[in-house]
Amino acid sequence: MLNIVPVNLGERSYEVRIGFGLIETAGAAILPLLRRKKVAIVTDHTVAALHLERLLAGLSAEGIEATHLSLPPGEGTKSWPHLSQTVEWLLEQKVERKDVVIAFGGGVIGDLVGFAASILRRGVRFVQIPTSLLAQVDSSVGGKTGINSPHGKNLVGAFHQPSLVLADVGVLDTLTPRDFLAGYGEVVKYGLLGDPLFFEWLEAEGPELARTDGDLTRRKAARLRAVTRSVEMKAGIVERDETEEGERALLNLGHTFCHALESATGYSDRLLHGEGVAIGCALAFELSQRLGLCAQEAPSRVRAHLKAMGMKTDLADIKGDLPDAAGLLQLMGQDKKVVDGKLRFILARGIGEAFVSGDVPGDAVLAVLNEALARR
Ligand code: GLY
């Protein structure tokens, strides 16, 4: 079972390979990219403990020599100190301009290592081997790389496309249910933003996808399809709008709310990014309904599906204090999605019909937030 989704970007084109056992066979997939049989891998401690041996064996089976750096897991690693550590380590390993760096981990490692690759010797190639659902369906594809700043999330970075993405769906079995569901927030996003039939399929198959027991063959097939459809949608959008001049912003459905909530919860374990995306999608549909853009049925259906999946769906599901509505709105002001001081939101006319709106009235956002806070 191997699906290949091409990302057609002229000389920056690459393939996303999605299947099972891709870590063990990574050497054969990467070999054609190499000028010499040597790679540098950057990973985190959790992924290293679970999967690094298999990757090293897969590389060595093709005679590829590999060194590795393992960083602490967690969002805190997407920072200046770890960027500098990574770049200096890659220089110590004598990574040359024509070499290939491997980002082996979830979204944090992919974003950090992709950015390090983009600035090392003015840009070296890198391969993404994403090990979380979130990274497989979103962050490993499309070339957004970067780190967080004390001023906000992802504020320092570059567009730097990988040369290959190997999404081994088998590794998803090692995720905690919470991490799996957080990644699922991004999967649902694709249905909500542009593919109502995919959302309908997720309504039927989502619970099966997330199970850790039951029919293995069915689960494997469903996971492969969910990741593949998500990547196809992302690839299509990135091909049409690589640097987010327009359509790519649709991928930020739910993210304006999400980034404010992540900031309010200190980018901590209180709220994972994908959980914030799921809550943000529900709020974006509520905002759309309040603005008269979609029927009440749409936000209700979004929330019902997230609930059926056992996911966080509302501000009430976030433990501890949150700022008031005005405070949350202010946090949205720090978001990259602010253009000329106006709030940019992704709104929807229905399930699968999202669009970018550049002038959402602050009052409507406040009303949605106040209602959501009152439900806490
Ligand atoms: N994760 C949003 C994007 O890649 O544009």
# chains A, B, ... in the order shown; residues from 1 in each chain; ligands from 1
call {"tool": "select_by_dssp", "arguments": {"residues": "stretch 270-330 of chain A", "states": "alpha helix (DSSP H)", "output": "ChimeraX atom specification"}}
result
/A:273-290,297-308,325-330
call {"tool": "write_last_selection", "arguments": {"atoms": "C-alpha atoms", "output": "compact mmCIF listing (two decimals), in the first residue's frame"}}
result
# COMPACT_ATOMS: atom_id res chain seq x y z
CA HIS A 273 -2.03 22.95 18.40
CA GLY A 274 -4.39 20.49 16.69
CA GLU A 275 -6.83 20.75 19.60
CA GLY A 276 -6.81 24.52 19.16
CA VAL A 277 -7.43 24.06 15.42
CA ALA A 278 -10.47 21.88 16.12
CA ILE A 279 -11.93 24.38 18.60
CA GLY A 280 -10.98 27.19 16.20
CA CYS A 281 -12.82 25.49 13.30
CA ALA A 282 -15.96 25.18 15.43
CA LEU A 283 -15.70 28.87 16.39
CA ALA A 284 -15.02 29.92 12.77
CA PHE A 285 -18.24 28.17 11.71
CA GLU A 286 -20.10 29.87 14.56
CA LEU A 287 -18.72 33.22 13.46
CA SER A 288 -19.80 32.47 9.88
CA GLN A 289 -23.28 31.62 11.08
CA ARG A 290 -23.47 34.80 13.19
CA GLU A 297 -26.77 23.30 10.78
CA ALA A 298 -23.12 23.79 9.74
CA PRO A 299 -21.56 24.72 13.13
CA SER A 300 -23.77 22.12 14.84
CA ARG A 301 -22.51 19.42 12.47
CA VAL A 302 -18.88 20.44 13.01
CA ARG A 303 -19.24 20.31 16.77
CA ALA A 304 -21.20 17.02 16.67
CA HIS A 305 -18.42 15.32 14.70
CA LEU A 306 -15.65 16.63 16.95
CA LYS A 307 -17.61 15.46 19.99
CA ALA A 308 -18.21 12.03 18.44
CA ALA A 325 -13.15 38.05 25.08
CA ALA A 326 -11.37 41.40 24.67
CA GLY A 327 -8.11 39.83 25.86
CA LEU A 328 -8.46 36.97 23.36
CA LEU A 329 -9.25 39.43 20.57
CA GLN A 330 -6.11 41.36 21.46
call {"tool": "residues_near_ligand", "arguments": {"ligand": "ligand 1", "cutoff": "10 Å", "atoms": "only C-alpha atoms and all ligand atoms", "output": "ChimeraX atom specification"}}
result
/A:107,134-135,137-145,159,186,234-235,237-238,241-244,247-253,255
call {"tool": "closest_residue", "arguments": {"among": "A:Gly76, A:Gly27, A:Pro196, A:Gly320", "to": "A:Ile102", "atoms": "only C-alpha atoms"}}
result
A:Gly27
call {"tool": "closest_residue", "arguments": {"among": "A:Leu91, A:Ala316, A:Val188, A:Leu112", "to": "A:Ala158", "atoms": "only C-alpha atoms"}}
result
A:Leu112
call {"tool": "closest_residue", "arguments": {"among": "A:Leu52, A:Val39, A:Leu261, A:Ile64", "to": "A:Leu90", "atoms": "only C-alpha atoms"}}
result
A:Val39
call {"tool": "atom_distance", "arguments": {"atom1": "atom CA of A:Ser149", "atom2": "atom CA of A:Thr265"}}
result
15.6 Å
call {"tool": "residues_around", "arguments": {"residues": "A:Ala210", "least_positions_apart": "5", "cutoff": "9 Å", "atoms": "only C-alpha atoms", "output": "ChimeraX atom specification"}}
result
/A:177,180-181,184,205,219,223,309
call {"tool": "write_last_selection", "arguments": {"atoms": "N, CA, C and O atoms", "output": "PDB file, in the first residue's frame"}}
result
ATOM      1  N   PRO A 177      -3.420   8.601  22.225  1.00  0.00           N
ATOM      2  CA  PRO A 177      -4.716   8.990  21.647  1.00  0.00           C
ATOM      3  C   PRO A 177      -4.860  10.511  21.576  1.00  0.00           C
ATOM      4  O   PRO A 177      -5.409  11.046  20.606  1.00  0.00           O
ATOM      5  N   PHE A 180      -2.920  11.758  18.581  1.00  0.00           N
ATOM      6  CA  PHE A 180      -3.585  11.342  17.348  1.00  0.00           C
ATOM      7  C   PHE A 180      -4.763  12.272  17.059  1.00  0.00           C
ATOM      8  O   PHE A 180      -4.922  12.790  15.958  1.00  0.00           O
ATOM      9  N   LEU A 181      -5.584  12.495  18.096  1.00  0.00           N
ATOM     10  CA  LEU A 181      -6.778  13.324  17.884  1.00  0.00           C
ATOM     11  C   LEU A 181      -6.415  14.772  17.575  1.00  0.00           C
ATOM     12  O   LEU A 181      -7.111  15.445  16.813  1.00  0.00           O
ATOM     13  N   TYR A 184      -5.786  14.866  14.103  1.00  0.00           N
ATOM     14  CA  TYR A 184      -7.052  14.680  13.386  1.00  0.00           C
ATOM     15  C   TYR A 184      -7.765  16.026  13.186  1.00  0.00           C
ATOM     16  O   TYR A 184      -8.505  16.215  12.226  1.00  0.00           O
ATOM     17  N   GLU A 205     -16.181   7.350   9.061  1.00  0.00           N
ATOM     18  CA  GLU A 205     -14.996   6.519   9.319  1.00  0.00           C
ATOM     19  C   GLU A 205     -14.093   7.055  10.426  1.00  0.00           C
ATOM     20  O   GLU A 205     -13.175   6.365  10.881  1.00  0.00           O
ATOM     21  N   ARG A 219      -8.714  -0.267   9.617  1.00  0.00           N
ATOM     22  CA  ARG A 219      -8.100   0.936  10.186  1.00  0.00           C
ATOM     23  C   ARG A 219      -6.935   1.413   9.321  1.00  0.00           C
ATOM     24  O   ARG A 219      -6.785   2.592   9.049  1.00  0.00           O
ATOM     25  N   ARG A 223      -6.784   5.010   7.561  1.00  0.00           N
ATOM     26  CA  ARG A 223      -5.730   5.986   7.882  1.00  0.00           C
ATOM     27  C   ARG A 223      -4.980   6.403   6.614  1.00  0.00           C
ATOM     28  O   ARG A 223      -4.676   7.579   6.417  1.00  0.00           O
ATOM     29  N   MET A 309     -15.830  12.250  18.079  1.00  0.00           N
ATOM     30  CA  MET A 309     -14.444  11.771  18.058  1.00  0.00           C
ATOM     31  C   MET A 309     -13.802  11.844  19.446  1.00  0.00           C
ATOM     32  O   MET A 309     -12.652  11.449  19.625  1.00  0.00           O
TER      33      MET A 309
END
call {"tool": "closest_residue", "arguments": {"among": "A:Ile129, A:Thr77, A:Arg178, A:Gly310", "to": "A:Gly206", "atoms": "only C-alpha atoms"}}
result
A:Gly310
call {"tool": "residues_around", "arguments": {"residues": "A:Gly362", "least_positions_apart": "2", "cutoff": "10 Å", "atoms": "only C-alpha atoms", "output": "PDB file with C-alpha atoms, in the first residue's frame"}}
result
ATOM      1  CA  ALA A 326     -11.368  41.401  24.667  1.00  0.00           C
ATOM      2  CA  LEU A 329      -9.252  39.430  20.567  1.00  0.00           C
ATOM      3  CA  LYS A 342      -7.572  44.297  10.042  1.00  0.00           C
ATOM      4  CA  LEU A 343      -8.461  40.817  11.225  1.00  0.00           C
ATOM      5  CA  ASP A 359     -12.560  42.711   7.206  1.00  0.00           C
ATOM      6  CA  VAL A 360     -14.408  40.775   9.862  1.00  0.00           C
ATOM      7  CA  ALA A 364     -19.008  39.751  15.845  1.00  0.00           C
ATOM      8  CA  VAL A 365     -15.790  38.051  16.974  1.00  0.00           C
ATOM      9  CA  LEU A 366     -16.296  39.405  20.492  1.00  0.00           C
ATOM     10  CA  ALA A 367     -19.883  38.116  20.548  1.00  0.00           C
TER      11      ALA A 367
END
call {"tool": "residues_around", "arguments": {"residues": "A:Leu193", "least_positions_apart": "2", "cutoff": "8 Å", "atoms": "only C-alpha atoms", "output": "PyMOL selection string"}}
result
chain A and resi 189-191+195+250-251+253+348+351-355
call {"tool": "write_last_selection", "arguments": {"atoms": "N, CA, C and O atoms", "output": "tab-separated table (two decimals), in the first residue's frame"}}
result
chain	number	residue	atom	x	y	z
A	189	LYS	N	-10.09	19.64	9.17
A	189	LYS	CA	-9.98	20.97	8.55
A	189	LYS	C	-10.09	20.89	7.03
A	189	LYS	O	-10.74	21.72	6.41
A	190	TYR	N	-9.44	19.88	6.43
A	190	TYR	CA	-9.48	19.78	4.95
A	190	TYR	C	-10.90	19.57	4.45
A	190	TYR	O	-11.31	20.16	3.46
A	191	GLY	N	-11.66	18.69	5.14
A	191	GLY	CA	-13.04	18.48	4.73
A	191	GLY	C	-13.82	19.78	4.87
A	191	GLY	O	-14.55	20.19	3.96
A	195	ASP	N	-13.84	20.11	0.99
A	195	ASP	CA	-14.28	18.83	0.44
A	195	ASP	C	-15.38	18.22	1.32
A	195	ASP	O	-15.12	17.42	2.21
A	250	LEU	N	-6.57	29.58	3.16
A	250	LEU	CA	-7.68	28.70	3.57
A	250	LEU	C	-7.21	27.63	4.55
A	250	LEU	O	-7.97	27.14	5.39
A	251	LEU	N	-5.92	27.25	4.43
A	251	LEU	CA	-5.37	26.24	5.33
A	251	LEU	C	-5.34	26.73	6.77
A	251	LEU	O	-5.09	25.98	7.70
A	253	LEU	N	-7.89	27.85	8.30
A	253	LEU	CA	-9.23	27.74	8.91
A	253	LEU	C	-9.07	27.36	10.39
A	253	LEU	O	-8.36	26.41	10.72
A	348	ALA	N	-16.91	30.48	6.32
A	348	ALA	CA	-17.45	29.41	5.47
A	348	ALA	C	-18.91	29.67	5.13
A	348	ALA	O	-19.68	30.16	5.96
A	351	ILE	N	-20.29	23.57	4.94
A	351	ILE	CA	-19.22	22.58	5.06
A	351	ILE	C	-18.51	22.46	3.72
A	351	ILE	O	-19.15	22.22	2.69
A	352	GLY	N	-17.20	22.64	3.71
A	352	GLY	CA	-16.44	22.50	2.46
A	352	GLY	C	-16.45	23.73	1.60
A	352	GLY	O	-16.02	23.70	0.45
A	353	GLU	N	-16.91	24.86	2.15
A	353	GLU	CA	-17.00	26.09	1.34
A	353	GLU	C	-16.38	27.26	2.08
A	353	GLU	O	-17.06	28.24	2.41
A	354	ALA	N	-15.08	27.15	2.36
A	354	ALA	CA	-14.41	28.22	3.11
A	354	ALA	C	-13.90	29.30	2.17
A	354	ALA	O	-13.65	29.06	0.99
A	355	PHE	N	-13.77	30.49	2.70
A	355	PHE	CA	-13.19	31.59	1.93
A	355	PHE	C	-12.50	32.56	2.89
A	355	PHE	O	-12.74	32.53	4.10
call {"tool": "closest_residue", "arguments": {"among": "A:Leu83, A:Thr43, A:Gly170, A:Val108", "to": "A:Glu24", "atoms": "only C-alpha atoms"}}
result
A:Gly170
call {"tool": "select_by_dssp", "arguments": {"residues": "stretch 52-223 of chain A", "states": "strand (DSSP E or B)", "output": "ChimeraX atom specification"}}
result
/A:65-71,100-105,125-130,144-149,152-159,164-168
call {"tool": "residues_around", "arguments": {"residues": "A:His82", "least_positions_apart": "3", "cutoff": "10 Å", "atoms": "only C-alpha atoms", "output": "PyMOL selection string"}}
result
chain A and resi 71-72+76-79+85-88+112-113+116+147
call {"tool": "write_last_selection", "arguments": {"atoms": "N, CA and C atoms", "output": "JSON list (two decimals), in the first residue's frame"}}
result
[["chain", "number", "residue", "atom", "x", "y", "z"],
["A", 71, "LEU", "N", 16.90, 16.25, 19.95],
["A", 71, "LEU", "CA", 16.54, 17.45, 20.72],
["A", 71, "LEU", "C", 15.38, 17.13, 21.67],
["A", 72, "PRO", "N", 15.15, 17.97, 22.66],
["A", 72, "PRO", "CA", 14.01, 17.72, 23.55],
["A", 72, "PRO", "C", 12.69, 17.82, 22.78],
["A", 76, "GLY", "N", 8.68, 24.08, 22.85],
["A", 76, "GLY", "CA", 9.79, 24.93, 23.31],
["A", 76, "GLY", "C", 11.04, 24.77, 22.44],
["A", 77, "THR", "N", 11.12, 23.68, 21.71],
["A", 77, "THR", "CA", 12.29, 23.43, 20.86],
["A", 77, "THR", "C", 12.28, 24.30, 19.60],
["A", 78, "LYS", "N", 11.09, 24.81, 19.25],
["A", 78, "LYS", "CA", 11.03, 25.68, 18.06],
["A", 78, "LYS", "C", 11.46, 27.08, 18.47],
["A", 79, "SER", "N", 12.76, 27.22, 18.81],
["A", 79, "SER", "CA", 13.21, 28.45, 19.43],
["A", 79, "SER", "C", 14.60, 28.83, 18.90],
["A", 85, "GLN", "N", 21.63, 25.76, 17.94],
["A", 85, "GLN", "CA", 22.25, 24.46, 18.24],
["A", 85, "GLN", "C", 22.23, 23.55, 16.99],
["A", 86, "THR", "N", 21.10, 23.54, 16.31],
["A", 86, "THR", "CA", 20.95, 22.66, 15.13],
["A", 86, "THR", "C", 21.89, 23.08, 14.00],
["A", 87, "VAL", "N", 21.91, 24.39, 13.73],
["A", 87, "VAL", "CA", 22.76, 24.88, 12.64],
["A", 87, "VAL", "C", 24.23, 24.62, 12.96],
["A", 88, "GLU", "N", 24.64, 24.91, 14.18],
["A", 88, "GLU", "CA", 26.05, 24.69, 14.54],
["A", 88, "GLU", "C", 26.40, 23.21, 14.48],
["A", 112, "LEU", "N", 11.54, 23.35, 12.53],
["A", 112, "LEU", "CA", 12.86, 23.81, 12.98],
["A", 112, "LEU", "C", 13.95, 23.38, 12.00],
["A", 113, "VAL", "N", 13.94, 22.11, 11.63],
["A", 113, "VAL", "CA", 15.01, 21.57, 10.78],
["A", 113, "VAL", "C", 14.89, 22.13, 9.35],
["A", 116, "ALA", "N", 16.39, 25.49, 9.60],
["A", 116, "ALA", "CA", 17.85, 25.37, 9.71],
["A", 116, "ALA", "C", 18.43, 25.06, 8.32],
["A", 147, "ILE", "N", 10.48, 29.08, 13.38],
["A", 147, "ILE", "CA", 10.49, 28.94, 14.83],
["A", 147, "ILE", "C", 9.55, 29.99, 15.43]]
call {"tool": "closest_residue", "arguments": {"among": "A:Phe198, A:Arg125, A:Tyr267, A:Asp324", "to": "A:Thr228", "atoms": "only C-alpha atoms"}}
result
A:Phe198
call {"tool": "residues_around", "arguments": {"residues": "stretch 31-38 of chain A", "least_positions_apart": "5", "cutoff": "12 Å", "atoms": "only C-alpha atoms", "output": "PyMOL selection string"}}
result
chain A and resi 14+25-26+56+58-68+93-102+124-127+162-164
call {"tool": "atom_distance", "arguments": {"atom1": "atom CA of A:Leu55", "atom2": "atom CA of A:Leu224"}}
result
20.5 Å
call {"tool": "decode", "arguments": {"residues": "stretch 160-173 of chain A", "atoms": "all heavy atoms", "output": "mmCIF file, in the first residue's frame"}}
result
data_model
loop_
_atom_site.group_PDB
_atom_site.id
_atom_site.type_symbol
_atom_site.label_atom_id
_atom_site.label_comp_id
_atom_site.auth_asym_id
_atom_site.auth_seq_id
_atom_site.Cartn_x
_atom_site.Cartn_y
_atom_site.Cartn_z
ATOM 1 N N HIS A 160 10.728 27.000 2.429
ATOM 2 C CA HIS A 160 11.815 26.147 1.926
ATOM 3 C C HIS A 160 11.214 24.756 1.714
ATOM 4 O O HIS A 160 10.897 24.066 2.680
ATOM 5 C CB HIS A 160 12.959 26.121 2.960
ATOM 6 C CG HIS A 160 14.181 25.404 2.494
ATOM 7 N ND1 HIS A 160 14.813 25.686 1.301
ATOM 8 C CD2 HIS A 160 14.917 24.416 3.061
ATOM 9 C CE1 HIS A 160 15.867 24.904 1.158
ATOM 10 N NE2 HIS A 160 15.955 24.123 2.207
ATOM 11 N N GLN A 161 11.012 24.394 0.459
ATOM 12 C CA GLN A 161 10.329 23.124 0.171
ATOM 13 C C GLN A 161 11.263 21.947 0.437
ATOM 14 O O GLN A 161 12.452 22.019 0.116
ATOM 15 C CB GLN A 161 9.883 23.083 -1.305
ATOM 16 C CG GLN A 161 8.882 24.165 -1.689
ATOM 17 C CD GLN A 161 7.516 24.005 -1.028
ATOM 18 O OE1 GLN A 161 7.171 22.940 -0.511
ATOM 19 N NE2 GLN A 161 6.728 25.079 -1.027
ATOM 20 N N PRO A 162 10.723 20.861 1.010
ATOM 21 C CA PRO A 162 11.540 19.655 1.140
ATOM 22 C C PRO A 162 11.780 19.043 -0.244
ATOM 23 O O PRO A 162 11.115 19.408 -1.212
ATOM 24 C CB PRO A 162 10.662 18.726 1.994
ATOM 25 C CG PRO A 162 9.267 19.193 1.752
ATOM 26 C CD PRO A 162 9.343 20.672 1.485
ATOM 27 N N SER A 163 12.725 18.103 -0.320
ATOM 28 C CA SER A 163 12.992 17.423 -1.594
ATOM 29 C C SER A 163 12.224 16.116 -1.687
ATOM 30 O O SER A 163 12.134 15.516 -2.758
ATOM 31 C CB SER A 163 14.489 17.130 -1.729
ATOM 32 O OG SER A 163 15.194 18.355 -1.712
ATOM 33 N N LEU A 164 11.704 15.667 -0.562
ATOM 34 C CA LEU A 164 10.939 14.410 -0.510
ATOM 35 C C LEU A 164 10.255 14.369 0.858
ATOM 36 O O LEU A 164 10.824 14.838 1.847
ATOM 37 C CB LEU A 164 11.909 13.216 -0.633
ATOM 38 C CG LEU A 164 11.341 11.807 -0.494
ATOM 39 C CD1 LEU A 164 10.442 11.464 -1.688
ATOM 40 C CD2 LEU A 164 12.470 10.766 -0.429
ATOM 41 N N VAL A 165 9.047 13.810 0.892
ATOM 42 C CA VAL A 165 8.372 13.582 2.175
ATOM 43 C C VAL A 165 8.005 12.099 2.238
ATOM 44 O O VAL A 165 7.398 11.572 1.294
ATOM 45 C CB VAL A 165 7.088 14.446 2.314
ATOM 46 C CG1 VAL A 165 6.435 14.216 3.677
ATOM 47 C CG2 VAL A 165 7.392 15.932 2.113
ATOM 48 N N LEU A 166 8.396 11.450 3.323
ATOM 49 C CA LEU A 166 8.061 10.033 3.519
ATOM 50 C C LEU A 166 7.137 9.927 4.723
ATOM 51 O O LEU A 166 7.579 10.061 5.873
ATOM 52 C CB LEU A 166 9.335 9.210 3.780
ATOM 53 C CG LEU A 166 10.372 9.204 2.649
ATOM 54 C CD1 LEU A 166 11.642 8.459 3.092
ATOM 55 C CD2 LEU A 166 9.800 8.572 1.384
ATOM 56 N N ALA A 167 5.857 9.752 4.462
ATOM 57 C CA ALA A 167 4.878 9.668 5.553
ATOM 58 C C ALA A 167 4.549 8.201 5.813
ATOM 59 O O ALA A 167 3.760 7.593 5.076
ATOM 60 C CB ALA A 167 3.621 10.460 5.196
ATOM 61 N N ASP A 168 5.169 7.651 6.838
ATOM 62 C CA ASP A 168 4.959 6.244 7.197
ATOM 63 C C ASP A 168 3.768 6.162 8.152
ATOM 64 O O ASP A 168 3.878 6.469 9.350
ATOM 65 C CB ASP A 168 6.230 5.694 7.858
ATOM 66 C CG ASP A 168 6.149 4.189 8.090
ATOM 67 O OD1 ASP A 168 5.015 3.671 8.225
ATOM 68 O OD2 ASP A 168 7.198 3.544 8.141
ATOM 69 N N VAL A 169 2.621 5.760 7.605
ATOM 70 C CA VAL A 169 1.373 5.786 8.374
ATOM 71 C C VAL A 169 1.429 4.797 9.552
ATOM 72 O O VAL A 169 0.748 4.976 10.562
ATOM 73 C CB VAL A 169 0.169 5.505 7.424
ATOM 74 C CG1 VAL A 169 -1.150 5.534 8.169
ATOM 75 C CG2 VAL A 169 0.142 6.547 6.307
ATOM 76 N N GLY A 170 2.286 3.788 9.437
ATOM 77 C CA GLY A 170 2.424 2.796 10.515
ATOM 78 C C GLY A 170 2.863 3.418 11.831
ATOM 79 O O GLY A 170 2.481 2.939 12.913
ATOM 80 N N VAL A 171 3.636 4.513 11.785
ATOM 81 C CA VAL A 171 4.124 5.103 13.044
ATOM 82 C C VAL A 171 2.991 5.721 13.855
ATOM 83 O O VAL A 171 3.143 5.969 15.054
ATOM 84 C CB VAL A 171 5.232 6.184 12.849
ATOM 85 C CG1 VAL A 171 6.445 5.636 12.145
ATOM 86 C CG2 VAL A 171 4.702 7.406 12.143
ATOM 87 N N LEU A 172 1.849 5.953 13.202
ATOM 88 C CA LEU A 172 0.738 6.583 13.938
ATOM 89 C C LEU A 172 0.254 5.693 15.076
ATOM 90 O O LEU A 172 -0.334 6.180 16.043
ATOM 91 C CB LEU A 172 -0.410 6.935 12.982
ATOM 92 C CG LEU A 172 -0.033 7.854 11.806
ATOM 93 C CD1 LEU A 172 -1.250 8.127 10.929
ATOM 94 C CD2 LEU A 172 0.568 9.174 12.301
ATOM 95 N N ASP A 173 0.529 4.394 14.974
ATOM 96 C CA ASP A 173 0.145 3.467 16.054
ATOM 97 C C ASP A 173 0.850 3.798 17.367
ATOM 98 O O ASP A 173 0.381 3.398 18.433
ATOM 99 C CB ASP A 173 0.537 2.022 15.674
ATOM 100 C CG ASP A 173 -0.398 1.455 14.629
ATOM 101 O OD1 ASP A 173 -1.546 1.932 14.548
ATOM 102 O OD2 ASP A 173 0.042 0.553 13.887
#
